[in-house]
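Trainee: Input structure: protein_5.cif, which contains mmCIF, C-alpha atoms (C1' of nucleotides).
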data_my_file
#
loop_
_atom_site.label_atom_id
_atom_site.label_comp_id
_atom_site.auth_asym_id
_atom_site.auth_seq_id
_atom_site.Cartn_x
_atom_site.Cartn_y
_atom_site.Cartn_z
CA MET A 25 0.00 0.00 0.00
CA THR A 26 1.52 3.25 -1.16
CA GLU A 27 0.10 5.44 1.61
CA SER A 28 1.97 3.42 4.23
CA THR A 29 5.23 4.83 2.89
CA LEU A 30 4.22 8.28 4.07
CA ILE A 31 2.80 6.96 7.33
CA ASN A 32 6.08 5.26 8.11
CA HIS A 33 7.99 8.37 7.27
CA ILE A 34 5.86 10.49 9.59
CA LYS A 35 6.27 7.90 12.34
CA THR A 36 10.03 8.32 12.27
CA TYR A 37 9.58 11.92 13.43
CA LEU A 38 6.32 12.03 15.40
CA THR A 39 4.38 9.91 17.82
CA LEU A 40 0.82 9.69 16.58
CA SER A 41 -2.04 7.29 17.16
CA GLU A 42 -3.18 5.01 14.35
CA GLU A 43 -6.45 6.96 14.23
CA GLU A 44 -4.63 10.23 13.74
CA LEU A 45 -2.44 8.75 11.04
CA ALA A 46 -5.48 7.35 9.28
CA GLU A 47 -7.10 10.77 9.32
CA ILE A 48 -3.96 12.50 8.14
CA ILE A 49 -3.57 10.24 5.18
CA LEU A 50 -7.05 11.20 3.98
CA PHE A 51 -5.75 14.65 3.12
CA PHE A 52 -3.69 13.16 0.32
CA ASP A 53 -4.52 11.89 -3.14
CA CYS A 54 -2.60 9.03 -4.65
CA HIS A 55 -1.66 9.00 -8.33
CA SER A 56 0.35 6.75 -10.59
CA TYR A 57 2.38 8.32 -13.36
CA SER A 58 4.45 6.82 -16.10
CA LYS A 59 7.88 8.07 -17.10
CA LYS A 60 8.13 11.66 -18.37
CA GLU A 61 4.72 12.87 -17.28
CA THR A 62 4.49 16.49 -16.21
CA LEU A 63 3.10 17.31 -12.76
CA LEU A 64 3.81 21.05 -12.63
CA LEU A 65 4.26 23.61 -15.40
CA ALA A 66 6.39 26.75 -15.05
CA GLY A 67 4.19 29.83 -15.29
CA ARG A 68 1.21 28.10 -13.72
CA ARG A 69 0.15 28.69 -10.15
CA CYS A 70 1.81 26.13 -7.92
CA TYR A 71 -0.94 24.64 -5.79
CA LYS A 72 0.30 21.13 -5.12
CA LEU A 73 2.90 19.57 -2.89
CA PHE A 74 4.18 16.10 -3.83
CA PHE A 75 5.51 13.15 -1.83
CA VAL A 76 7.20 10.33 -3.70
CA THR A 77 6.30 6.84 -2.48
CA LYS A 78 7.83 5.11 -5.49
CA GLY A 79 9.83 6.34 -8.45
CA CYS A 80 11.61 9.59 -9.09
CA LEU A 81 10.67 13.20 -9.82
CA GLN A 82 12.76 16.06 -11.12
CA LEU A 83 12.33 19.79 -10.56
CA TYR A 84 13.75 21.65 -13.55
CA PHE A 85 13.61 24.85 -15.53
CA ILE A 86 14.41 25.89 -19.07
CA ASP A 87 17.24 28.38 -19.40
CA SER A 88 17.42 31.23 -21.90
CA LEU A 89 19.09 28.97 -24.47
CA GLY A 90 16.33 26.38 -24.19
CA ASN A 91 18.32 23.88 -22.15
CA GLN A 92 16.62 21.89 -19.44
CA LYS A 93 18.37 22.31 -16.07
CA THR A 94 17.56 20.08 -13.12
CA SER A 95 17.54 21.80 -9.74
CA GLN A 96 16.37 18.89 -7.61
CA PHE A 97 15.52 15.22 -7.77
CA ALA A 98 13.10 13.53 -5.39
CA ILE A 99 13.05 9.79 -4.82
CA GLU A 100 11.14 7.65 -2.32
CA ASN A 101 10.32 9.56 0.89
CA TRP A 102 11.12 12.97 -0.55
CA TRP A 103 8.84 15.99 -0.72
CA LEU A 104 8.92 18.17 -3.78
CA THR A 105 7.37 21.31 -5.17
CA ASP A 106 8.46 24.85 -6.02
CA PHE A 107 8.40 25.76 -2.35
CA LEU A 108 8.56 29.52 -2.80
CA ALA A 109 5.72 29.51 -5.30
CA PHE A 110 3.72 27.02 -3.22
CA GLN A 111 4.03 29.02 -0.04
CA ASN A 112 3.05 32.29 -1.71
CA GLN A 113 0.60 30.69 -4.14
CA LYS A 114 2.40 32.34 -7.01
CA GLN A 115 3.36 31.24 -10.50
CA SER A 116 5.91 28.50 -10.51
CA ASN A 117 9.44 29.04 -11.74
CA PHE A 118 9.93 25.33 -12.34
CA TYR A 119 8.59 22.27 -14.07
CA ILE A 120 8.13 18.97 -12.27
CA GLU A 121 8.27 15.75 -14.26
CA THR A 122 8.57 12.04 -13.54
CA VAL A 123 11.93 10.49 -14.35
CA GLU A 124 10.56 6.95 -13.88
CA ASP A 125 7.15 5.37 -13.49
CA SER A 126 6.13 6.76 -10.13
CA GLN A 127 3.56 6.72 -7.37
CA ILE A 128 2.95 10.12 -5.89
CA LEU A 129 0.93 11.42 -2.99
CA THR A 130 -0.45 14.87 -3.65
CA ILE A 131 -1.85 17.55 -1.37
CA SER A 132 -3.27 20.90 -2.44
CA PHE A 133 -2.30 24.14 -0.76
CA SER A 134 -5.67 24.53 0.94
CA LYS A 135 -5.64 20.93 2.20
CA TYR A 136 -2.08 21.46 3.41
CA GLN A 137 -3.22 24.45 5.46
CA GLU A 138 -6.16 22.46 6.81
CA LEU A 139 -3.90 19.57 7.70
CA LEU A 140 -1.53 21.83 9.62
CA ASP A 141 -4.42 23.53 11.41
CA LYS A 142 -6.09 20.30 12.40
CA PHE A 143 -2.88 18.45 13.32
CA PRO A 144 -0.42 20.98 14.74
CA LYS A 145 2.02 18.13 15.31
CA MET A 146 2.47 18.08 11.56
CA GLU A 147 4.02 21.54 11.85
CA LYS A 148 6.83 19.83 13.69
CA TYR A 149 7.12 17.17 11.01
CA PHE A 150 7.40 19.71 8.23
CA ARG A 151 9.63 21.96 10.30
CA ILE A 152 12.10 19.07 10.52
CA ILE A 153 11.73 18.19 6.84
CA TYR A 154 12.47 21.75 5.72
CA GLU A 155 15.19 22.32 8.31
CA THR A 156 16.98 19.27 6.90
CA ALA A 157 16.32 20.19 3.28
CA TYR A 158 17.61 23.71 3.85
CA GLY A 159 20.75 22.40 5.55
CA ALA A 160 21.29 20.01 2.65
CA ALA A 161 20.84 22.82 0.12
CA LEU A 162 23.49 24.85 1.94
CA MET A 163 25.82 21.86 1.75
CA ARG A 164 25.16 21.61 -1.96
CA LEU A 165 26.02 25.27 -2.38
CA LYS A 166 29.16 24.56 -0.39
CA TYR A 167 30.13 21.79 -2.79
CA ILE A 168 29.51 23.96 -5.82
CA ASN A 169 31.78 26.65 -4.42
CA SER A 170 34.43 24.24 -3.21
CA PHE A 171 35.15 22.00 -6.11
CA SER A 172 35.69 21.93 -9.83
CA LYS A 173 32.92 20.31 -11.85
CA GLU A 174 35.15 17.30 -12.29
CA GLU A 175 35.52 16.88 -8.54
CA ILE A 176 31.81 17.49 -7.98
CA PHE A 177 30.99 14.59 -10.24
CA PHE A 178 33.42 12.16 -8.62
CA ARG A 179 32.35 13.07 -5.12
CA PHE A 180 28.69 12.76 -6.03
CA ARG A 181 29.33 9.38 -7.61
CA ASP A 182 31.21 8.21 -4.52
CA ASN A 183 28.47 9.40 -2.19
CA PHE A 184 25.47 8.22 -4.22
CA PRO A 185 26.64 5.37 -6.47
CA ASP A 186 23.16 3.85 -6.72
CA PHE A 187 21.54 7.07 -7.74
CA VAL A 188 24.15 7.68 -10.43
CA GLN A 189 23.18 4.33 -11.92
CA ARG A 190 19.51 5.13 -11.61
CA VAL A 191 19.13 8.27 -13.73
CA PRO A 192 20.28 8.93 -17.31
CA GLN A 193 23.59 10.66 -17.61
CA TYR A 194 22.31 13.79 -19.27
CA LEU A 195 19.98 14.41 -16.32
CA LEU A 196 22.79 13.86 -13.87
CA ALA A 197 24.93 16.32 -15.84
CA SER A 198 22.12 18.85 -15.77
CA PHE A 199 21.76 18.39 -12.00
CA LEU A 200 25.49 18.70 -11.33
CA GLY A 201 25.74 21.77 -13.53
CA LEU A 202 27.90 20.59 -16.38
CA THR A 203 27.34 19.57 -19.99
CA PRO A 204 26.81 15.92 -20.96
CA GLU A 205 29.83 16.21 -23.26
CA TYR A 206 32.10 17.35 -20.48
CA LEU A 207 30.82 14.62 -18.19
CA SER A 208 31.75 12.07 -20.84
CA GLU A 209 35.21 13.56 -21.10
CA ILE A 210 35.72 13.46 -17.34
CA LYS A 211 34.78 9.80 -17.14
CA ARG A 212 37.14 8.90 -19.96
CA LYS A 213 40.02 10.83 -18.38
CA GLN A 214 39.70 8.83 -15.19
CA LEU A 215 39.88 5.50 -16.98
CA SER A 216 43.31 6.21 -18.42
CA MET B 14 15.30 47.11 22.55
CA THR B 15 16.91 44.35 20.52
CA GLU B 16 14.55 41.56 21.62
CA SER B 17 11.60 43.40 20.13
CA THR B 18 13.03 42.77 16.67
CA LEU B 19 12.46 39.05 17.12
CA ILE B 20 9.09 39.58 18.76
CA ASN B 21 7.93 41.63 15.80
CA HIS B 22 9.20 39.04 13.41
CA ILE B 23 7.33 36.26 15.18
CA LYS B 24 4.18 38.40 15.22
CA THR B 25 4.19 38.59 11.45
CA TYR B 26 3.64 34.83 11.31
CA LEU B 27 1.82 33.89 14.54
CA THR B 28 -0.83 35.27 16.81
CA LEU B 29 0.48 35.09 20.35
CA SER B 30 -0.39 36.89 23.58
CA GLU B 31 2.06 39.38 25.05
CA GLU B 32 2.60 36.99 27.96
CA GLU B 33 3.53 34.18 25.63
CA LEU B 34 5.89 36.42 23.68
CA ALA B 35 7.52 37.58 26.91
CA GLU B 36 8.06 33.98 27.96
CA ILE B 37 9.40 32.99 24.56
CA ILE B 38 11.96 35.74 24.51
CA LEU B 39 13.40 34.45 27.78
CA PHE B 40 14.75 31.42 25.94
CA PHE B 41 17.22 33.65 24.10
CA ASP B 42 20.45 35.33 25.12
CA CYS B 43 21.41 38.67 23.67
CA HIS B 44 25.00 39.44 22.74
CA SER B 45 26.80 42.32 21.08
CA TYR B 46 29.72 41.56 18.82
CA SER B 47 32.09 43.79 16.99
CA LYS B 48 33.17 43.28 13.41
CA LYS B 49 35.01 40.05 12.58
CA GLU B 50 34.24 38.16 15.76
CA THR B 51 33.76 34.42 15.41
CA LEU B 52 30.54 32.84 16.67
CA LEU B 53 30.99 29.29 15.39
CA LEU B 54 34.12 27.32 14.51
CA ALA B 55 34.22 24.55 11.93
CA GLY B 56 35.01 21.25 13.59
CA ARG B 57 33.27 22.20 16.83
CA ARG B 58 29.89 20.87 17.81
CA CYS B 59 27.23 23.26 16.58
CA TYR B 60 24.96 23.90 19.54
CA LYS B 61 23.72 27.42 18.87
CA LEU B 62 21.18 28.99 16.56
CA PHE B 63 21.49 32.73 15.85
CA PHE B 64 19.02 35.47 15.02
CA VAL B 65 20.35 38.80 13.79
CA THR B 66 18.62 41.85 15.26
CA LYS B 67 21.25 44.27 13.99
CA GLY B 68 24.31 43.87 11.79
CA CYS B 69 25.41 41.08 9.53
CA LEU B 70 26.75 37.54 9.87
CA GLN B 71 28.41 35.31 7.35
CA LEU B 72 28.48 31.52 7.18
CA TYR B 73 31.68 30.42 5.48
CA PHE B 74 34.16 27.60 5.10
CA ILE B 75 37.80 27.30 4.14
CA ASP B 76 38.43 25.36 0.95
CA SER B 77 41.34 23.02 0.31
CA LEU B 78 43.46 25.90 -0.98
CA GLY B 79 42.86 27.95 2.13
CA ASN B 80 40.39 30.37 0.57
CA GLN B 81 37.45 31.60 2.58
CA LYS B 82 34.14 30.92 0.81
CA THR B 83 30.88 32.47 1.96
CA SER B 84 27.82 30.24 1.73
CA GLN B 85 25.28 32.55 3.34
CA PHE B 86 24.88 36.01 4.77
CA ALA B 87 22.35 36.88 7.44
CA ILE B 88 21.18 40.43 8.10
CA GLU B 89 18.43 41.81 10.32
CA ASN B 90 15.58 39.28 10.86
CA TRP B 91 17.54 36.32 9.52
CA TRP B 92 18.28 33.07 11.30
CA LEU B 93 21.65 31.46 10.84
CA THR B 94 23.56 28.38 11.87
CA ASP B 95 24.94 25.24 10.23
CA PHE B 96 21.47 23.74 10.14
CA LEU B 97 22.50 20.18 9.37
CA ALA B 98 25.05 20.15 12.17
CA PHE B 99 22.68 21.91 14.55
CA GLN B 100 19.84 19.50 13.95
CA ASN B 101 22.04 16.43 14.39
CA GLN B 102 24.25 18.00 17.05
CA LYS B 103 27.31 17.14 15.01
CA GLN B 104 30.53 18.93 14.22
CA SER B 105 30.03 22.02 12.14
CA ASN B 106 31.23 22.26 8.56
CA PHE B 107 31.19 26.03 8.66
CA TYR B 108 32.46 29.08 10.46
CA ILE B 109 30.16 31.93 11.45
CA GLU B 110 31.59 35.41 11.81
CA THR B 111 30.28 38.97 12.11
CA VAL B 112 30.72 41.12 9.03
CA GLU B 113 29.74 44.26 10.94
CA ASP B 114 29.22 45.21 14.58
CA SER B 115 26.15 43.15 15.39
CA GLN B 116 23.51 42.34 17.94
CA ILE B 117 22.62 38.69 18.01
CA LEU B 118 20.03 36.63 19.82
CA THR B 119 21.29 33.15 20.62
CA ILE B 120 19.51 29.94 21.58
CA SER B 121 21.15 26.65 22.45
CA PHE B 122 19.96 23.36 20.97
CA SER B 123 18.45 22.17 24.25
CA LYS B 124 16.66 25.47 24.82
CA TYR B 125 15.43 25.33 21.23
CA GLN B 126 13.91 21.91 21.88
CA GLU B 127 12.37 23.16 25.13
CA LEU B 128 10.95 26.18 23.36
CA LEU B 129 9.34 24.05 20.67
CA ASP B 130 7.94 21.65 23.27
CA LYS B 131 6.51 24.37 25.43
CA PHE B 132 5.18 26.52 22.57
CA PRO B 133 4.11 24.22 19.75
CA LYS B 134 3.03 27.29 17.79
CA MET B 135 6.71 28.00 17.34
CA GLU B 136 6.92 24.84 15.24
CA LYS B 137 4.75 26.65 12.76
CA TYR B 138 6.97 29.73 12.89
CA PHE B 139 10.11 27.73 12.18
CA ARG B 140 8.34 25.57 9.62
CA ILE B 141 7.59 28.73 7.64
CA ILE B 142 11.11 30.13 8.14
CA TYR B 143 12.73 26.96 6.84
CA GLU B 144 10.20 26.41 4.06
CA THR B 145 11.04 29.89 2.79
CA ALA B 146 14.77 29.47 3.27
CA TYR B 147 14.73 26.16 1.41
CA GLY B 148 12.76 27.65 -1.45
CA ALA B 149 15.21 30.53 -1.61
CA ALA B 150 18.16 28.12 -1.65
CA LEU B 151 16.62 26.29 -4.60
CA MET B 152 16.24 29.61 -6.39
CA ARG B 153 19.89 30.34 -5.71
CA LEU B 154 20.85 26.98 -7.17
CA LYS B 155 18.69 27.87 -10.14
CA TYR B 156 20.60 31.10 -10.67
CA ILE B 157 23.95 29.37 -10.41
CA ASN B 158 22.94 26.88 -13.07
CA SER B 159 21.28 29.46 -15.30
CA PHE B 160 23.79 32.21 -15.67
CA SER B 161 27.44 32.95 -16.18
CA LYS B 162 29.24 34.44 -13.20
CA GLU B 163 29.13 37.77 -14.93
CA GLU B 164 25.35 37.63 -15.22
CA ILE B 165 24.99 36.38 -11.67
CA PHE B 166 26.77 39.45 -10.40
CA PHE B 167 24.72 41.92 -12.42
CA ARG B 168 21.44 40.29 -11.48
CA PHE B 169 22.37 40.19 -7.84
CA ARG B 170 23.38 43.85 -7.94
CA ASP B 171 20.09 44.77 -9.60
CA ASN B 172 18.05 42.80 -7.07
CA PHE B 173 19.95 43.80 -3.95
CA PRO B 174 21.67 47.12 -4.64
CA ASP B 175 21.79 48.10 -0.97
CA PHE B 176 23.37 44.87 0.12
CA VAL B 177 26.03 45.14 -2.57
CA GLN B 178 26.99 48.50 -1.09
CA ARG B 179 26.92 47.10 2.41
CA VAL B 180 29.52 44.33 2.28
CA PRO B 181 33.10 44.48 1.03
CA GLN B 182 33.58 43.36 -2.53
CA TYR B 183 35.78 40.36 -1.76
CA LEU B 184 33.05 38.92 0.46
CA LEU B 185 30.47 39.48 -2.20
CA ALA B 186 32.74 37.75 -4.71
CA SER B 187 33.16 34.82 -2.34
CA PHE B 188 29.38 34.60 -1.90
CA LEU B 189 28.67 34.76 -5.63
CA GLY B 190 31.35 32.17 -6.37
CA LEU B 191 33.90 34.16 -8.32
CA THR B 192 37.28 35.68 -7.59
CA PRO B 193 37.66 39.32 -6.53
CA GLU B 194 39.91 39.88 -9.55
CA TYR B 195 37.30 38.62 -11.96
CA LEU B 196 34.62 40.70 -10.27
CA SER B 197 36.80 43.77 -10.84
CA GLU B 198 37.18 42.89 -14.48
CA ILE B 199 33.45 42.43 -14.92
CA LYS B 200 32.68 45.82 -13.42
CA ARG B 201 35.24 47.52 -15.64
CA LYS B 202 33.91 45.83 -18.75
CA GLN B 203 30.43 47.21 -18.10
CA LEU B 204 31.67 50.79 -17.80
CA SER B 205 33.08 50.84 -21.31
"C1'" DC C 7 54.74 58.31 8.22
"C1'" DG C 8 54.29 53.44 7.75
"C1'" DT C 9 51.40 49.56 7.57
"C1'" DC C 10 47.53 46.88 6.49
"C1'" DT C 11 43.55 45.92 3.99
"C1'" DC C 12 41.14 46.04 -0.03
"C1'" DG C 13 40.48 46.92 -4.96
"C1'" DT C 14 42.48 47.00 -9.66
"C1'" DT C 15 45.19 45.57 -13.78
"C1'" DG C 16 47.24 42.50 -17.21
"C1'" DA C 17 49.16 38.33 -18.98
"C1'" DG C 18 49.07 33.61 -19.16
"C1'" DA C 19 47.04 29.21 -17.97
"C1'" DG C 20 43.41 26.12 -16.83
"C1'" DT C 21 38.64 24.77 -17.03
"C1'" DT C 22 34.41 24.18 -19.30
"C1'" DT C 23 31.43 24.94 -23.19
"C1'" DT C 24 29.98 24.82 -27.94
"C1'" DC C 25 29.34 22.67 -32.19
"C1'" DA C 26 29.30 19.13 -35.42
"C1'" DA C 27 29.96 14.44 -36.26
"C1'" DT C 28 29.80 9.65 -35.04
"C1'" DG C 29 28.50 5.59 -32.34
"C1'" DT C 30 25.31 2.86 -29.74
"C1'" DA C 31 21.49 1.07 -27.38
"C1'" DA C 32 16.69 0.80 -26.86
"C1'" DG C 33 11.84 1.20 -28.27
"C1'" DT C 34 8.23 0.84 -31.91
"C1'" DG C 35 5.57 -0.68 -35.69
"C1'" DG C 36 5.30 -3.82 -39.38
"C1'" DC D 22 11.81 -10.86 -35.12
"C1'" DC D 23 13.64 -7.35 -38.09
"C1'" DA D 24 14.05 -2.69 -39.79
"C1'" DC D 25 13.48 1.83 -38.54
"C1'" DT D 26 13.59 5.56 -35.69
"C1'" DT D 27 14.67 7.98 -31.79
"C1'" DA D 28 17.10 9.02 -27.67
"C1'" DC D 29 21.25 9.03 -25.44
"C1'" DA D 30 26.46 8.79 -25.11
"C1'" DT D 31 30.98 9.76 -26.98
"C1'" DT D 32 34.77 12.28 -29.48
"C1'" DG D 33 37.69 16.11 -30.99
"C1'" DA D 34 38.78 20.79 -32.03
"C1'" DA D 35 38.05 25.49 -31.34
"C1'" DA D 36 36.19 29.15 -28.59
"C1'" DA D 37 34.65 31.23 -24.36
"C1'" DC D 38 34.86 31.83 -19.65
"C1'" DT D 39 37.18 32.17 -15.30
"C1'" DC D 40 41.18 31.72 -12.46
"C1'" DT D 41 45.97 32.36 -10.90
"C1'" DC D 42 49.76 35.06 -9.98
"C1'" DA D 43 52.36 39.02 -9.39
"C1'" DA D 44 52.36 43.78 -9.25
"C1'" DC D 45 50.53 48.20 -8.37
"C1'" DG D 46 47.27 51.75 -6.28
"C1'" DA D 47 44.37 53.83 -2.89
"C1'" DG D 48 42.33 54.55 1.40
"C1'" DA D 49 41.98 53.67 6.62
"C1'" DC D 50 44.11 53.79 10.77
"C1'" DG D 51 47.35 53.67 14.36
#
Do you think you could lay out the structure here as structure tokens?

Mentor:
Amino acid sequence: MTESTLINHIKTYLTLSEEELAEIILFFDCHSYSKKETLLLAGRRCYKLFFVTKGCLQLYFIDSLGNQKTSQFAIENWWLTDFLAFQNQKQSNFYIETVEDSQILTISFSKYQELLDKFPKMEKYFRIIYETAYGAALMRLKYINSFSKEEIFFRFRDNFPDFVQRVPQYLLASFLGLTPEYLSEIKRKQLS
Amino acid sequence: MTESTLINHIKTYLTLSEEELAEIILFFDCHSYSKKETLLLAGRRCYKLFFVTKGCLQLYFIDSLGNQKTSQFAIENWWLTDFLAFQNQKQSNFYIETVEDSQILTISFSKYQELLDKFPKMEKYFRIIYETAYGAALMRLKYINSFSKEEIFFRFRDNFPDFVQRVPQYLLASFLGLTPEYLSEIKRKQLS
DNA sequence: CGTCTCGTTGAGAGTTTTCAATGTAAGTGG
DNA sequence: CCACTTACATTGAAAACTCTCAACGAGACG
């Protein structure tokens, strides 16, 4: 059951009764998507927050030259949306698309507010989620400023070998901020 | 009164009685620092969270070549710490230092936990703070991946002209991820 | 006045991108 | 199951971007 993924995740941070958890889960809709389906369009109002129970999402934008640039991936147990646009109920700056066949729990902005009002403990859950995500984003910025693109790739591959296998190389390149061609070159250099 | 800065900030997100606010503020210590004082050392356990009521802090690290790299600034009404290290009570990856003479409210990790336990509404406050900060970090990553360093500088200067005046140029360069020399060159190029 | 910090300049070197071409694997329809 | 098409990965050369290093200049401050 796909909802149990979220329930288990919440349980790792909060102590809640089974009744409460059952009520909480009702705030969410469950959807299945196949690979390369779009869940959020840039320019549209961002009124959904997504939780991945299976599969993989990417948050990306199109730069001025028409290239797709990935800002964030989300795999099992990750939350994803354009958080600034979601919070302010503004137009999104990003697209969200499935990278694999995926199962996604969805909550609208108004339901999200209701959920937080009715279960204040969930404020704590999301506070921890965002506190962690923000810390991780600062670490990512640290990496970007510390290392050459070559080093960024090798370190990422060492830290997340499974994930590197999981996504196509051009998406990984787009996420790490280099061109697919240069990523190819780097890999070849290391072999010799 | 420096504590009122935090009180006002909390009021913009929560409705709390004056008594509650008075109790909340007791969890914090107030300190004055002059320019270039260190508040957090990399390698030490990170057990404090900071709120700037006046002045400016920087979160930075030293790269393998010995260069200081700024990951984040915090001015009035900003929270700052090494959030990953704070949350897990681990060794910090960053230094924190004053950029100007500053007044800082400080809360230890244990007091922070007590505060959140005693005033669950504060979970909501911090949830919003971190949700915003995370969204902003993703936007920063978007900028880094979208634009050349030259463009990043001009856009930052257009968006935050006052801040650009406020901090020395070498710190700004370190924050934007380019060298002071290159920043000089960019500025000169635009004049002609 | 001397010193220290910060900003500027210029040349050369290193990194990364662009572009165009080729190779390869995988999916699709007959 | 094969032929076709498409999507993705690789290669190499040239160009663009950004850094390094060393030197100089200007202002702040004791």

Trainee: Quick check, in Å to one decimal: how far apart do CA of Ala98 (chain B) and CA of Phe63 (chain B) lie?

Mentor: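 Taking CA of Ala98 (chain B) as the start and CA of Phe63 (chain B) as the end point, the length is 13.6 Å.
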
Trainee: Hey, which of C:DT28, C:DT21, C:DT34, C:DT15 ends up closest to chain B? Count only C-alpha atoms (C1' of nucleotides).

Mentor: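 For chain B, the nearest of the given residues is C:DT15.
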
Trainee: For the structure provided, state which residues fall under the PyMOL selection byres ((chain B) within 9 of (chain D)), and present them as an mmCIF file with C-alpha atoms, in the coordinates of the input.

Mentor:
data_model
loop_
_atom_site.group_PDB
_atom_site.id
_atom_site.type_symbol
_atom_site.label_atom_id
_atom_site.label_comp_id
_atom_site.auth_asym_id
_atom_site.auth_seq_id
_atom_site.Cartn_x
_atom_site.Cartn_y
_atom_site.Cartn_z
ATOM 1 C CA SER B 161 27.440 32.950 -16.180
ATOM 2 C CA LYS B 162 29.240 34.440 -13.200
ATOM 3 C CA LEU B 191 33.900 34.160 -8.320
ATOM 4 C CA THR B 192 37.280 35.680 -7.590
ATOM 5 C CA GLU B 194 39.910 39.880 -9.550
ATOM 6 C CA TYR B 195 37.300 38.620 -11.960
#

Trainee: Output as a PyMOL selection string the set of chain C residues within 12 Å of chain A, with distances taken over all atoms listed in the file.

Mentor: chain C and resi 20-25

Trainee: Given the file shown, determine the residues that the PyMOL selection byres ((chain A) within 6 of (chain B)) selects; report them as a PyMOL selection string.

Mentor: chain A and resi 87+107-108+147-148+151+154-155+158-159+169-170+201

Trainee: For this file, the PyMOL selection byres ((chain A and resi 27) around 8) selects which residues, as a list in words?

Mentor: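 Those residues are Met25, Thr26, Ser28, Thr29, Leu30, Ile31, Ile49, Cys54, Thr77 and Leu129 of chain A.
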
Trainee: Distance CA of Ile117 (chain B)-CA of Lys61 (chain B), one decimal place?

Mentor: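 Taking CA of Ile117 (chain B) as the start and CA of Lys61 (chain B) as the end point, the length is 11.4 Å.
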
Trainee: Kindly give the distance, in Å, that separates CA of Asp42 (chain B) and CA of Ile120 (chain B), rounded to a single decimal.

Mentor: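 Taking CA of Asp42 (chain B) and CA of Ile120 (chain B), their separation equals 6.5 Å.
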
Trainee: Take every atom of region 111-129 of chain B listed in the file, pad by 5 Å on each side, and give me the axis-aligned box centre and edge lengths in Å, one decimal, as lines of an AutoDock Vina configuration file.

Mentor:
center_x = 20.0
center_y = 33.6
center_z = 17.1
size_x = 31.4
size_y = 33.3
size_z = 26.1

Trainee: For DG13 (chain C), which of B:Arg168, B:Ile199, B:Ala87, B:Gln182 is the closest residue, counting all atoms listed in the file?

Mentor: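 For DG13 (chain C), the nearest of the given residues is B:Gln182.
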
Trainee: Any idea what's packed within 6 Å of Val123 (chain A), counting all atoms listed in the file, ignoring anything in its chain fewer than 3 positions away? Could you give it as number ranges by chain?

Mentor: A: 59-60, 80-81

Trainee: Since the input is missing atoms, can you rebuild N, CA and C atoms for region 42-53 of chain B and write them as a PDB file, keeping the file's coordinate frame?

Mentor:
ATOM      1  N   ASP B  42      19.438  34.432  24.566  1.00  0.00           N
ATOM      2  CA  ASP B  42      20.450  35.330  25.120  1.00  0.00           C
ATOM      3  C   ASP B  42      20.775  36.385  24.085  1.00  0.00           C
ATOM      4  N   CYS B  43      21.059  37.575  24.569  1.00  0.00           N
ATOM      5  CA  CYS B  43      21.410  38.670  23.670  1.00  0.00           C
ATOM      6  C   CYS B  43      22.887  39.008  23.822  1.00  0.00           C
ATOM      7  N   HIS B  44      23.576  39.083  22.712  1.00  0.00           N
ATOM      8  CA  HIS B  44      25.000  39.440  22.740  1.00  0.00           C
ATOM      9  C   HIS B  44      25.298  40.518  21.707  1.00  0.00           C
ATOM     10  N   SER B  45      26.263  41.365  22.049  1.00  0.00           N
ATOM     11  CA  SER B  45      26.800  42.320  21.080  1.00  0.00           C
ATOM     12  C   SER B  45      28.167  41.833  20.635  1.00  0.00           C
ATOM     13  N   TYR B  46      28.413  41.944  19.347  1.00  0.00           N
ATOM     14  CA  TYR B  46      29.720  41.560  18.820  1.00  0.00           C
ATOM     15  C   TYR B  46      30.248  42.697  17.971  1.00  0.00           C
ATOM     16  N   SER B  47      31.549  42.852  17.972  1.00  0.00           N
ATOM     17  CA  SER B  47      32.090  43.790  16.990  1.00  0.00           C
ATOM     18  C   SER B  47      32.449  43.039  15.721  1.00  0.00           C
ATOM     19  N   LYS B  48      32.821  43.803  14.721  1.00  0.00           N
ATOM     20  CA  LYS B  48      33.170  43.280  13.410  1.00  0.00           C
ATOM     21  C   LYS B  48      34.214  42.167  13.514  1.00  0.00           C
ATOM     22  N   LYS B  49      34.027  41.135  12.691  1.00  0.00           N
ATOM     23  CA  LYS B  49      35.010  40.050  12.580  1.00  0.00           C
ATOM     24  C   LYS B  49      35.185  39.207  13.825  1.00  0.00           C
ATOM     25  N   GLU B  50      34.185  39.124  14.656  1.00  0.00           N
ATOM     26  CA  GLU B  50      34.240  38.160  15.760  1.00  0.00           C
ATOM     27  C   GLU B  50      33.655  36.834  15.287  1.00  0.00           C
ATOM     28  N   THR B  51      34.205  35.749  15.833  1.00  0.00           N
ATOM     29  CA  THR B  51      33.760  34.420  15.410  1.00  0.00           C
ATOM     30  C   THR B  51      32.724  33.872  16.382  1.00  0.00           C
ATOM     31  N   LEU B  52      31.609  33.369  15.841  1.00  0.00           N
ATOM     32  CA  LEU B  52      30.540  32.840  16.670  1.00  0.00           C
ATOM     33  C   LEU B  52      30.471  31.317  16.608  1.00  0.00           C
ATOM     34  N   LEU B  53      30.995  30.747  15.533  1.00  0.00           N
ATOM     35  CA  LEU B  53      30.990  29.290  15.390  1.00  0.00           C
ATOM     36  C   LEU B  53      32.251  28.875  14.641  1.00  0.00           C
TER      37      LEU B  53
END
